[in-house]
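Data first, discussion second: the structure below is written as structure tokens.
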Protein chains: 4
Amino acid sequence: MSEIERVGVSLEKKLLLDFDRLIAKQGYTNRSKAIRDLIRNRLSQEQLADPTSQATAGVFLIYDHHATKLAQKLVDLQHIHLLHVIATTHVHLDHNNCLEVIILKGRVKEIEKLGNSIASLKGVKLSRMNMMAAEV
Amino acid sequence: MSEIERVGVSLEKKLLLDFDRLIAKQGYTNRSKAIRDLIRNRLSQEQLADPTSQATAGVFLIYDHHATKLAQKLVDLQHIHLLHVIATTHVHLDHNNCLEVIILKGRVKEIEKLGNSIASLKGVKLSRMNMMAAEV
Amino acid sequence: MSEIERVGVSLEKKLLLDFDRLIAKQGYTNRSKAIRDLIRNRLSQEQLADPTSQATAGVFLIYDHHATKLAQKLVDLQHIHLLHVIATTHVHLDHNNCLEVIILKGRVKEIEKLGNSIASLKGVKLSRMNMMAAEV
Amino acid sequence: MSEIERVGVSLEKKLLLDFDRLIAKQGYTNRSKAIRDLIRNRLSQEQLADPTSQATAGVFLIYDHHATKLAQKLVDLQHIHLLHVIATTHVHLDHNNCLEVIILKGRVKEIEKLGNSIASLKGVKLSRMNMMAAEV
């Protein structure tokens, strides 16, 4: 647990009122937490802009589970790319569609390559990727 | 499985060459699949712009597992919002940090509210949300 | 000019150090200004999520200036939609391509409709839109 | 003007119907144009991911025109960064606020640096950046 510092911030009264109204709506009960979250997001975004930095990611994909050998190809891909898969979750959405979430760690660049490779697989209908800086 | 149609598309030779080069790099072996994916993504994006439409979502959050009662609050939130949680996956990232992925279904509007509520919880350091149109 | 308030924010020492390093790199000489900017951006984003709110926007488009009557169609579109065009800037990029920037005010919903209508015009190759909340 | 090719694309009937409905709503009268636009956008996005590639950009900023010497600092910044400013448009939004749009060409990396430098200037309240690949 890191040491806590207290800093002063000056801002226009109207800006402060608007911000307090917004964060109350979002459920914040603590203004410092809301500002910390803005800062942490900005830093995470900065870190992810560097393709060689480490990230934790989730790859989401919806696919047709009738597609032949897709499961095997997914596993193969995770090995080709230099990535450390931590967990996968598989959900049956309906008769045709499966959702799979792959949680992994690795360099931003490698994660993006994996995302592209997965999107191009036969049977994959939609894919999305979430990345978060490894250090938070 | 939907019936397949074949349509003709006319485009500049240079645009076609550039596109073929890009999709080869991404691992596509089939140009129709690459164009279908662009179309499906565009449609999904359109559907999600409507706050009342149904979506499948993944909420990612990194949190400090020393934060008191966070696990309980997360469960409570999932009940307050009118959402159907399908699965959650929990990963221990390091001594302090946990990653949790919550896969759920519901209206875009409700999913966004849940995302905001989760971000504001004490102990949650980063959160990201992925939405995909329910019908694909 | 709004009255200035000073508030205290507590945050982890490491988070503060990382933030100070980032904003120095970006050219900030004042931490309060950097935090105000994060807050203002967050508020602007929130406001733009409401389709009925007022915004200032810039529509960028690159088009083939050989396309017949495009200039006239652009002017027509600006009148159909309930928008107030403030200024347009036209730049000759190369032999074939023009860049036009249309600065306008109006409701988020109407601006988005205009953006779609412009993208679909014959001869328009790329278009992008920037929106900023009207009140800042 | 580039030579035109005609290619065949096979896709599910339902996907085609949904796409035709969407593009009609957006004002497209030509399906090939809608698909070309999706492809061009994807390529532009790819090109911009390379920090050394050339781009055309628009920097939007809203600033308090009482801020001292901002106009001069903006001009200075445009010279420090290795960028070619093509045009600027200045609009008086209200008593306090000005909107300035700077249209420029340069490498993605340099344009991003300029954007950061501008955001950090005293008096600048909001800034946004639009980039488009130079070749389209």
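Residue numbers start at 1 in each chain; chains themselves are named A, B, ... in the order of the structure tokens; ligands are numbered from 1 in the order shown.
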
Chain B contacts to chain C at 12 Å (only C-alpha atoms) as a PyMOL selection string: chain B and resi 11-12+15+46+49-51+109+112+116+125

Surrounding residues of Ile103 in chain C excluding itself and chain neighbours under 4 positions, 8 Å, only C-alpha atoms, as a ChimeraX atom specification: /C:56-59,85-88

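For Asn97 in chain D, the list of residues within 6 Å, based on only C-alpha atoms and with local chain neighbours fewer than 2 positions off taken out, reads Tyr63, Asp64, Leu93 and Asp94 of chain D.
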
Mind dumping the selected residues with all heavy atoms as a PDB file, in the first residue's frame?
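Wrote part-v3.pdb, looks like this:
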ATOM      1  N   TYR D  63     -10.722  28.376 -26.064  1.00  0.00           N
ATOM      2  CA  TYR D  63      -9.908  29.024 -25.052  1.00  0.00           C
ATOM      3  C   TYR D  63     -10.487  30.350 -24.629  1.00  0.00           C
ATOM      4  O   TYR D  63     -11.317  30.947 -25.311  1.00  0.00           O
ATOM      5  CB  TYR D  63      -8.459  29.148 -25.513  1.00  0.00           C
ATOM      6  CG  TYR D  63      -8.207  29.986 -26.735  1.00  0.00           C
ATOM      7  CD1 TYR D  63      -7.964  31.358 -26.627  1.00  0.00           C
ATOM      8  CD2 TYR D  63      -8.168  29.405 -27.996  1.00  0.00           C
ATOM      9  CE1 TYR D  63      -7.706  32.125 -27.742  1.00  0.00           C
ATOM     10  CE2 TYR D  63      -7.911  30.164 -29.116  1.00  0.00           C
ATOM     11  CZ  TYR D  63      -7.680  31.535 -28.983  1.00  0.00           C
ATOM     12  OH  TYR D  63      -7.422  32.290 -30.093  1.00  0.00           O
ATOM     13  N   ASP D  64     -10.061  30.755 -23.503  1.00  0.00           N
ATOM     14  CA  ASP D  64     -10.468  32.026 -22.923  1.00  0.00           C
ATOM     15  C   ASP D  64      -9.610  33.107 -23.578  1.00  0.00           C
ATOM     16  O   ASP D  64      -8.406  33.143 -23.382  1.00  0.00           O
ATOM     17  CB  ASP D  64     -10.200  31.964 -21.414  1.00  0.00           C
ATOM     18  CG  ASP D  64     -10.689  33.226 -20.727  1.00  0.00           C
ATOM     19  OD1 ASP D  64     -10.807  34.278 -21.392  1.00  0.00           O
ATOM     20  OD2 ASP D  64     -10.951  33.149 -19.520  1.00  0.00           O
ATOM     21  N   LEU D  93     -16.955  32.511 -29.966  1.00  0.00           N
ATOM     22  CA  LEU D  93     -18.135  31.762 -29.544  1.00  0.00           C
ATOM     23  C   LEU D  93     -19.042  32.589 -28.646  1.00  0.00           C
ATOM     24  O   LEU D  93     -20.245  32.620 -28.807  1.00  0.00           O
ATOM     25  CB  LEU D  93     -17.726  30.492 -28.790  1.00  0.00           C
ATOM     26  CG  LEU D  93     -17.128  29.365 -29.623  1.00  0.00           C
ATOM     27  CD1 LEU D  93     -16.757  28.196 -28.725  1.00  0.00           C
ATOM     28  CD2 LEU D  93     -18.087  28.902 -30.711  1.00  0.00           C
ATOM     29  N   ASP D  94     -18.458  33.239 -27.658  1.00  0.00           N
ATOM     30  CA  ASP D  94     -19.230  34.138 -26.797  1.00  0.00           C
ATOM     31  C   ASP D  94     -18.256  35.129 -26.164  1.00  0.00           C
ATOM     32  O   ASP D  94     -17.108  35.220 -26.594  1.00  0.00           O
ATOM     33  CB  ASP D  94     -20.005  33.343 -25.729  1.00  0.00           C
ATOM     34  CG  ASP D  94     -19.096  32.447 -24.887  1.00  0.00           C
ATOM     35  OD1 ASP D  94     -17.988  32.894 -24.511  1.00  0.00           O
ATOM     36  OD2 ASP D  94     -19.491  31.302 -24.602  1.00  0.00           O
TER      37      ASP D  94
END

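Residues in contact with His90 in chain A at up to 8 Å, not including ones fewer than 2 positions away on its chain and judged by only C-alpha atoms, are Thr88, His92, Cys98, Leu99, Glu100 and Val101 of chain A.
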
Pick from C:Glu110, C:Asp18, C:Asp37, C:Glu5, whichever lies nearest to Glu135 in chain A using only C-alpha atoms: C:Asp18

Coordinates-based distance that separates CA of Asn96 in chain D from CA of Val75 in chain C (Å, one decimal): 29.3 Å

Coordinates-based distance that separates CA of Ile62 in chain C from CA of Gln78 in chain C (Å, one decimal): 16.8 Å

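Going from CA of His84 in chain C to CA of Ala134 in chain D covers 29.2 Å.
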
Test item, strand (DSSP E) assignment across range 79-110 of chain C, answer as a list in words: His84, Val85, Ile86, Ala87, Thr88, Thr89, His90, Val91, His92, Asn97, Cys98, Leu99, Glu100, Val101, Ile102, Ile103, Leu104, Lys105, Gly106 and Arg107 of chain C

Can you pull out every residue within 8 Å of Ser53 in chain D, counting only C-alpha atoms, but drop anything in the same chain fewer than 4 positions away, and send it as a PDB file with N, CA, C and O atoms, in the first residue's frame?
ATOM      1  N   GLN D  47      -3.286   3.140 -40.859  1.00  0.00           N
ATOM      2  CA  GLN D  47      -2.153   3.994 -41.196  1.00  0.00           C
ATOM      3  C   GLN D  47      -1.811   4.904 -40.005  1.00  0.00           C
ATOM      4  O   GLN D  47      -0.641   5.106 -39.685  1.00  0.00           O
ATOM      5  N   LEU D  48      -2.841   5.414 -39.343  1.00  0.00           N
ATOM      6  CA  LEU D  48      -2.616   6.335 -38.227  1.00  0.00           C
ATOM      7  C   LEU D  48      -2.006   5.637 -37.016  1.00  0.00           C
ATOM      8  O   LEU D  48      -1.471   6.289 -36.123  1.00  0.00           O
ATOM      9  N   ARG D 107       3.776  14.310 -39.426  1.00  0.00           N
ATOM     10  CA  ARG D 107       3.791  12.937 -38.937  1.00  0.00           C
ATOM     11  C   ARG D 107       2.863  12.812 -37.731  1.00  0.00           C
ATOM     12  O   ARG D 107       2.763  13.726 -36.920  1.00  0.00           O
ATOM     13  N   VAL D 108       2.225  11.654 -37.612  1.00  0.00           N
ATOM     14  CA  VAL D 108       1.299  11.374 -36.515  1.00  0.00           C
ATOM     15  C   VAL D 108       1.909  11.745 -35.163  1.00  0.00           C
ATOM     16  O   VAL D 108       1.282  12.408 -34.335  1.00  0.00           O
ATOM     17  N   ALA D 133      -5.513   9.811 -42.391  1.00  0.00           N
ATOM     18  CA  ALA D 133      -4.343   9.400 -43.155  1.00  0.00           C
ATOM     19  C   ALA D 133      -4.181  10.316 -44.357  1.00  0.00           C
ATOM     20  O   ALA D 133      -5.165  10.740 -44.965  1.00  0.00           O
TER      21      ALA D 133
END

Who sits within 10 Å of Thr29 in chain C, only C-alpha atoms, same chain under 4 positions skipped, as a list in words: Asp20, Ile23, Ala24, Lys25, Lys33 and Ala34 of chain C; Ser120, Leu121 and Lys122 of chain D

Close residues, Ser32 in chain B itself excluded, 7 Å, only C-alpha atoms, min 2 positions apart in chain, as a VMD selection string: (chain B and resid 30 34 to 36) or (chain D and resid 9 to 10)
